[in-house]
>>> print(open('query_5.csv').read())   # CSV, C-alpha atoms
chain,number,residue,atom,x,y,z
L,1,MET,CA,-72.4,92.8,18.3
L,2,ALA,CA,-69.8,90.4,19.4
L,3,ASP,CA,-66.2,91.0,18.6
L,4,PHE,CA,-64.3,88.1,17.0
L,5,VAL,CA,-60.7,87.6,17.8
L,6,ASP,CA,-58.5,86.4,15.0
L,7,ALA,CA,-57.2,82.9,15.6
L,8,PRO,CA,-53.5,82.4,15.5
L,9,ASN,CA,-52.1,81.0,12.2
L,10,VAL,CA,-51.2,77.3,12.5
L,11,ASP,CA,-48.3,77.7,10.2
L,12,GLU,CA,-46.8,80.5,12.2
L,13,GLN,CA,-46.9,78.5,15.5
L,14,GLU,CA,-43.7,77.1,16.8
L,15,VAL,CA,-43.5,73.3,16.5
L,16,PRO,CA,-41.0,71.2,18.3
L,17,ASP,CA,-38.3,69.5,16.2
L,18,GLU,CA,-39.3,66.0,17.2
L,19,VAL,CA,-42.9,66.5,16.2
L,20,ALA,CA,-41.7,68.1,12.9
L,21,ALA,CA,-39.6,65.1,12.2
L,22,MET,CA,-42.5,62.8,12.9
L,23,PHE,CA,-44.8,64.6,10.4
L,24,ASP,CA,-42.1,65.3,7.8
L,25,LEU,CA,-43.8,64.0,4.7
L,26,LYS,CA,-40.9,64.7,2.4
L,27,GLN,CA,-38.8,62.0,4.1
L,28,LYS,CA,-41.5,59.4,3.8
L,29,LYS,CA,-41.9,60.1,0.1
L,30,LYS,CA,-38.2,59.6,-0.4
L,31,LYS,CA,-38.3,56.2,1.4
L,32,LYS,CA,-41.2,55.1,-0.8
L,33,LYS,CA,-39.3,56.0,-3.9
L,34,LYS,CA,-36.3,53.9,-2.8
L,35,LYS,CA,-38.5,50.9,-2.0
L,36,VAL,CA,-40.2,51.3,-5.4
L,37,GLU,CA,-36.8,51.5,-7.2
L,38,ALA,CA,-35.5,48.4,-5.3
L,39,SER,CA,-38.5,46.4,-6.2
L,40,ALA,CA,-38.2,47.4,-9.8
L,41,GLU,CA,-34.6,46.3,-10.0
L,42,GLY,CA,-35.5,42.9,-8.3
L,43,ASP,CA,-38.2,42.3,-10.9
L,44,ALA,CA,-35.8,43.1,-13.7
L,45,LYS,CA,-33.3,40.6,-12.4
L,46,VAL,CA,-35.9,37.9,-12.0
L,47,ASP,CA,-37.1,38.5,-15.6
L,48,ALA,CA,-33.5,38.3,-16.9
L,49,ALA,CA,-33.0,35.0,-15.0
L,50,VAL,CA,-36.2,33.5,-16.4
L,51,ALA,CA,-35.2,34.6,-19.9
L,52,GLY,CA,-31.8,32.9,-19.5
L,53,ASP,CA,-33.3,29.7,-18.3
L,54,ALA,CA,-35.7,29.7,-21.2
L,55,ALA,CA,-32.9,30.2,-23.7
L,56,SER,CA,-30.8,27.4,-22.2
L,57,GLY,CA,-33.8,25.1,-22.3
L,58,GLU,CA,-34.4,25.9,-25.9
L,59,ALA,CA,-30.7,25.3,-26.7
L,60,GLY,CA,-30.7,22.0,-24.9
L,61,SER,CA,-33.8,20.8,-26.6
L,62,SER,CA,-32.5,21.8,-30.0
L,63,SER,CA,-29.1,20.0,-29.4
L,64,SER,CA,-30.9,16.9,-28.1
L,65,ALA,CA,-33.2,17.0,-31.1
L,66,GLY,CA,-30.2,17.2,-33.4
L,67,GLY,CA,-28.7,14.1,-31.7
L,68,PHE,CA,-25.3,15.6,-30.8
L,69,GLU,CA,-25.4,14.7,-27.1
L,70,LEU,CA,-25.8,11.3,-25.5
L,71,ASP,CA,-26.2,10.3,-21.9
L,72,PRO,CA,-22.9,9.1,-20.5
L,73,PRO,CA,-22.8,5.4,-19.4
L,74,THR,CA,-23.0,4.9,-15.6
L,75,TYR,CA,-20.8,2.2,-14.0
L,76,SER,CA,-20.8,1.1,-10.4
L,77,TYR,CA,-17.6,0.8,-8.3
L,78,SER,CA,-17.7,-3.0,-8.4
L,79,GLN,CA,-18.0,-3.0,-12.2
L,80,LEU,CA,-15.0,-0.7,-12.6
L,81,LEU,CA,-12.9,-2.7,-10.2
L,82,ASN,CA,-13.7,-5.9,-12.1
L,83,ARG,CA,-12.7,-4.3,-15.3
L,84,VAL,CA,-9.4,-3.2,-13.9
L,85,VAL,CA,-8.6,-6.7,-12.5
L,86,ASP,CA,-9.5,-8.4,-15.8
L,87,PHE,CA,-7.3,-5.9,-17.7
L,88,ILE,CA,-4.3,-6.7,-15.4
L,89,HIS,CA,-4.8,-10.5,-15.7
L,90,GLN,CA,-5.0,-10.2,-19.5
L,91,ASN,CA,-1.7,-8.3,-19.8
L,92,ASN,CA,0.1,-10.2,-17.0
L,93,PRO,CA,-0.9,-13.9,-17.1
L,94,GLU,CA,2.0,-14.9,-14.9
L,95,LEU,CA,0.3,-13.3,-11.9
L,96,THR,CA,-2.6,-15.8,-12.0
L,97,ASP,CA,-0.2,-18.7,-12.3
L,98,LYS,CA,1.7,-17.9,-9.1
L,99,LYS,CA,1.8,-20.9,-6.8
L,100,ARG,CA,2.5,-21.1,-3.1
L,101,PHE,CA,5.9,-22.2,-2.1
L,102,THR,CA,5.9,-25.2,0.2
L,103,MET,CA,8.9,-26.7,1.8
L,104,LYS,CA,9.2,-30.2,3.2
L,105,PRO,CA,10.3,-30.6,6.8
L,106,PRO,CA,13.8,-32.0,7.3
L,107,GLN,CA,13.9,-35.7,8.0
L,108,LEU,CA,16.6,-36.5,10.7
L,109,MET,CA,17.8,-39.9,11.9
L,110,ARG,CA,20.2,-40.8,14.6
L,111,VAL,CA,23.5,-42.4,13.6
L,112,GLY,CA,25.0,-44.0,16.6
L,113,THR,CA,25.1,-41.8,19.7
L,114,LYS,CA,27.0,-38.7,18.5
L,115,LYS,CA,25.8,-38.1,14.9
L,116,THR,CA,22.6,-37.0,13.1
L,117,LEU,CA,21.7,-37.9,9.5
L,118,TRP,CA,19.7,-35.5,7.4
L,119,VAL,CA,18.0,-37.8,4.9
L,120,ASN,CA,16.3,-35.3,2.5
L,121,PHE,CA,19.0,-32.7,2.4
L,122,GLN,CA,19.6,-32.9,-1.4
L,123,GLU,CA,15.8,-32.7,-2.0
L,124,ILE,CA,15.4,-29.6,0.0
L,125,CYS,CA,18.3,-27.9,-1.8
L,126,ALA,CA,16.7,-28.7,-5.1
L,127,MET,CA,13.4,-27.2,-4.0
L,128,MET,CA,15.2,-24.0,-2.9
L,129,ARG,CA,17.2,-24.0,-6.2
L,130,ARG,CA,20.4,-23.6,-4.2
L,131,ASN,CA,23.8,-25.3,-4.4
L,132,SER,CA,24.2,-28.0,-1.8
L,133,ASP,CA,27.7,-26.8,-0.9
L,134,HIS,CA,26.3,-23.3,-0.1
L,135,VAL,CA,23.6,-24.7,2.1
L,136,PHE,CA,26.1,-27.0,3.8
L,137,GLN,CA,28.4,-24.1,4.6
L,138,PHE,CA,25.5,-22.2,6.1
L,139,MET,CA,24.4,-25.1,8.3
L,140,MET,CA,27.8,-25.9,9.6
L,141,ALA,CA,28.4,-22.2,10.4
L,142,GLU,CA,25.1,-21.9,12.3
L,143,LEU,CA,25.4,-25.2,14.1
L,144,GLY,CA,29.0,-24.6,15.1
L,145,THR,CA,29.9,-28.2,14.3
L,146,GLU,CA,31.3,-30.4,11.6
L,147,GLY,CA,29.7,-32.6,9.0
L,148,SER,CA,30.0,-34.2,5.6
L,149,ILE,CA,27.9,-35.3,2.7
L,150,ASP,CA,27.9,-39.1,2.0
L,151,GLY,CA,27.6,-41.0,-1.3
L,152,ASN,CA,23.8,-40.8,-1.2
L,153,LYS,CA,24.0,-37.0,-0.9
L,154,ARG,CA,22.8,-37.1,2.7
L,155,LEU,CA,24.2,-34.7,5.3
L,156,VAL,CA,25.9,-36.3,8.3
L,157,ILE,CA,26.2,-33.8,11.2
L,158,ARG,CA,28.3,-34.4,14.3
L,159,GLY,CA,26.1,-34.0,17.3
L,160,LYS,CA,22.5,-34.5,18.4
L,161,PHE,CA,19.9,-32.2,16.8
L,162,VAL,CA,16.1,-32.1,16.7
L,163,PRO,CA,14.1,-31.4,13.5
L,164,LYS,CA,12.6,-28.2,14.9
L,165,TYR,CA,16.0,-26.6,15.3
L,166,ILE,CA,17.1,-27.6,11.8
L,167,GLU,CA,13.8,-26.2,10.5
L,168,SER,CA,14.4,-22.9,12.1
L,169,LEU,CA,17.8,-22.7,10.4
L,170,LEU,CA,16.1,-23.5,7.1
L,171,ARG,CA,13.7,-20.6,7.6
L,172,LYS,CA,16.6,-18.3,8.3
L,173,TYR,CA,18.5,-19.4,5.2
L,174,ILE,CA,15.4,-18.9,3.0
L,175,GLY,CA,14.9,-15.4,4.4
L,176,GLU,CA,18.5,-14.4,3.7
L,177,TYR,CA,19.4,-16.2,0.5
L,178,VAL,CA,16.2,-17.3,-1.2
L,179,SER,CA,13.2,-15.0,-0.8
L,180,CYS,CA,12.9,-11.6,-2.6
L,181,GLN,CA,12.6,-8.7,-0.3
L,182,MET,CA,10.6,-6.7,-2.8
L,183,CYS,CA,7.8,-9.0,-4.0
L,184,ARG,CA,8.3,-11.9,-1.5
L,185,SER,CA,8.8,-14.4,-4.3
L,186,PHE,CA,10.9,-17.5,-4.0
L,187,ASN,CA,11.6,-17.7,-7.7
L,188,THR,CA,15.1,-16.4,-7.4
L,189,SER,CA,18.6,-17.3,-8.3
L,190,LEU,CA,21.9,-17.0,-6.4
L,191,ALA,CA,25.0,-16.0,-8.3
L,192,ARG,CA,28.5,-14.7,-7.5
L,193,ASP,CA,30.0,-11.7,-9.1
L,194,ASN,CA,33.5,-12.2,-10.3
L,195,VAL,CA,34.5,-8.6,-9.9
L,196,SER,CA,33.2,-7.9,-6.4
L,197,ARG,CA,33.2,-11.5,-5.3
L,198,LEU,CA,29.8,-11.0,-3.6
L,199,PHE,CA,26.7,-13.1,-3.9
L,200,PHE,CA,23.6,-11.6,-5.4
L,201,VAL,CA,20.0,-12.8,-5.2
L,202,ALA,CA,18.1,-12.0,-8.5
L,203,CYS,CA,14.4,-12.2,-8.6
L,204,GLN,CA,12.9,-13.8,-11.7
L,205,ASP,CA,9.4,-12.2,-11.2
L,206,CYS,CA,10.1,-8.5,-10.4
L,207,GLY,CA,13.6,-8.3,-11.7
L,208,SER,CA,15.1,-6.9,-8.5
L,209,SER,CA,18.5,-7.9,-7.2
L,210,ARG,CA,20.3,-7.5,-3.9
L,211,SER,CA,23.6,-8.5,-2.4
L,212,VAL,CA,23.7,-11.0,0.5
L,213,ALA,CA,26.2,-11.3,3.3
L,214,GLN,CA,28.9,-13.9,3.2
L,215,ILE,CA,28.7,-17.0,5.4
L,216,ARG,CA,30.8,-16.6,8.4
L,217,ALA,CA,31.6,-19.4,10.8
L,218,GLY,CA,30.1,-19.1,14.2
L,219,TYR,CA,31.3,-20.4,17.6
L,220,HIS,CA,32.9,-23.8,17.4
L,221,ALA,CA,33.5,-25.7,20.6
L,222,GLN,CA,37.0,-27.2,20.9
L,223,THR,CA,36.9,-31.0,21.2
L,224,ARG,CA,39.5,-33.6,22.1
L,225,ALA,CA,40.0,-34.3,18.4
L,226,ASP,CA,40.8,-30.7,17.8
L,227,ARG,CA,43.4,-30.7,20.6
L,228,ARG,CA,45.2,-33.7,19.1
>>> encode(input="query_5.csv", output="structure tokens")
Amino acid sequence: MADFVDAPNVDEQEVPDEVAAMFDLKQKKKKKKKKVEASAEGDAKVDAAVAGDAASGEAGSSSSAGGFELDPPTYSYSQLLNRVVDFIHQNNPELTDKKRFTMKPPQLMRVGTKKTLWVNFQEICAMMRRNSDHVFQFMMAELGTEGSIDGNKRLVIRGKFVPKYIESLLRKYIGEYVSCQMCRSFNTSLARDNVSRLFFVACQDCGSSRSVAQIRAGYHAQTRADRR
């Protein structure tokens, strides 16, 4: 009769640590539990979000059914800009009536061989709204010569001058004593302060005022008449 040798117990055999870790069922079960718990939490969050959306939708439908909310009007950029421009023109009608300032060129004539006659001198002074004496002082100081105003209010200048040069002096006078430096308007007035004895240019459109420099005589060449 054959003898049977008892087989070694599997549980009692030594198993390497790496193999034991690979076949450790307890760790796998724990991981499955974590996954299951995470999926349950995610489902709960989704259900809560869906419930919140449904509640908000019901509230919006109820408010719209009650007629408390209206769709806001939509305007384009051009429509808003036109409304602003119309509003400004309605409250400030003087802005639309502003006209361009035009100045006539000086008309010069030769008188003899050593004098120049400025024919429309008084007309130009009236267009600038300035006193003819003030313009006369400026022109004589810039030209460095002498002159006078005849009975017809024409300016007689000693020397020969071309219209372009007189026109450039007119532009300089307008920039210093006529135009407003704030709004570039020519609707201004020139007045002298009795206390400070300075001239001030006051703008009738924007209300600003500034002081201007006094007219100073420039270089004057000495002639034979001055030596006598």
>>> closest_residue(input="query_5.csv", among="L:Arg184, L:Lys164, L:Arg216, L:Lys172", to="Pro106 in chain L", atoms="all atoms listed in the file")
L:Lys164
>>> atom_distance(input="query_5.csv", atom1="CA of Asn187 in chain L", atom2="CA of Ala213 in chain L")
19.4 Å
>>> closest_residue(input="query_5.csv", among="L:Lys153, L:Asn194, L:Leu117, L:Phe200", to="Asp133 in chain L", atoms="only C-alpha atoms")
L:Lys153
>>> atom_distance(input="query_5.csv", atom1="CA of Asp86 in chain L", atom2="CA of Phe186 in chain L")
25.3 Å
>>> residues_around(input="query_5.csv", residues="Cys203 in chain L", least_positions_apart="4", cutoff="10 Å", atoms="all atoms listed in the file", output="number ranges by chain")
L: 178-190, 207-210
>>> write_last_selection(input="query_5.csv", atoms="C-alpha atoms", output="PDB file, in the coordinates of the input")
ATOM      1  CA  VAL L 178      16.200 -17.300  -1.200  1.00  0.00           C
ATOM      2  CA  SER L 179      13.200 -15.000  -0.800  1.00  0.00           C
ATOM      3  CA  CYS L 180      12.900 -11.600  -2.600  1.00  0.00           C
ATOM      4  CA  GLN L 181      12.600  -8.700  -0.300  1.00  0.00           C
ATOM      5  CA  MET L 182      10.600  -6.700  -2.800  1.00  0.00           C
ATOM      6  CA  CYS L 183       7.800  -9.000  -4.000  1.00  0.00           C
ATOM      7  CA  ARG L 184       8.300 -11.900  -1.500  1.00  0.00           C
ATOM      8  CA  SER L 185       8.800 -14.400  -4.300  1.00  0.00           C
ATOM      9  CA  PHE L 186      10.900 -17.500  -4.000  1.00  0.00           C
ATOM     10  CA  ASN L 187      11.600 -17.700  -7.700  1.00  0.00           C
ATOM     11  CA  THR L 188      15.100 -16.400  -7.400  1.00  0.00           C
ATOM     12  CA  SER L 189      18.600 -17.300  -8.300  1.00  0.00           C
ATOM     13  CA  LEU L 190      21.900 -17.000  -6.400  1.00  0.00           C
ATOM     14  CA  GLY L 207      13.600  -8.300 -11.700  1.00  0.00           C
ATOM     15  CA  SER L 208      15.100  -6.900  -8.500  1.00  0.00           C
ATOM     16  CA  SER L 209      18.500  -7.900  -7.200  1.00  0.00           C
ATOM     17  CA  ARG L 210      20.300  -7.500  -3.900  1.00  0.00           C
TER      18      ARG L 210
END
>>> closest_residue(input="query_5.csv", among="L:Val135, L:Val84, L:Ile157, L:Ile166", to="Gln122 in chain L", atoms="all atoms listed in the file")
L:Val135
>>> residues_around(input="query_5.csv", residues="Phe199 in chain L", least_positions_apart="2", cutoff="6 Å", atoms="only C-alpha atoms", output="list of chain:residue names")
L:Ala191, L:Arg192, L:Ser211, L:Val212
>>> atom_distance(input="query_5.csv", atom1="CA of Ala126 in chain L", atom2="CA of Asn152 in chain L")
14.6 Å
>>> closest_residue(input="query_5.csv", among="L:Tyr75, L:Asn131, L:Asn92, L:Val162", to="Gln107 in chain L", atoms="only C-alpha atoms")
L:Val162
>>> closest_residue(input="query_5.csv", among="L:Thr74, L:Asn91, L:Thr145, L:Ser168", to="Lys114 in chain L", atoms="only C-alpha atoms")
L:Thr145
>>> closest_residue(input="query_5.csv", among="L:Leu108, L:Ile88, L:Cys125, L:Met103", to="Phe161 in chain L", atoms="only C-alpha atoms")
L:Leu108
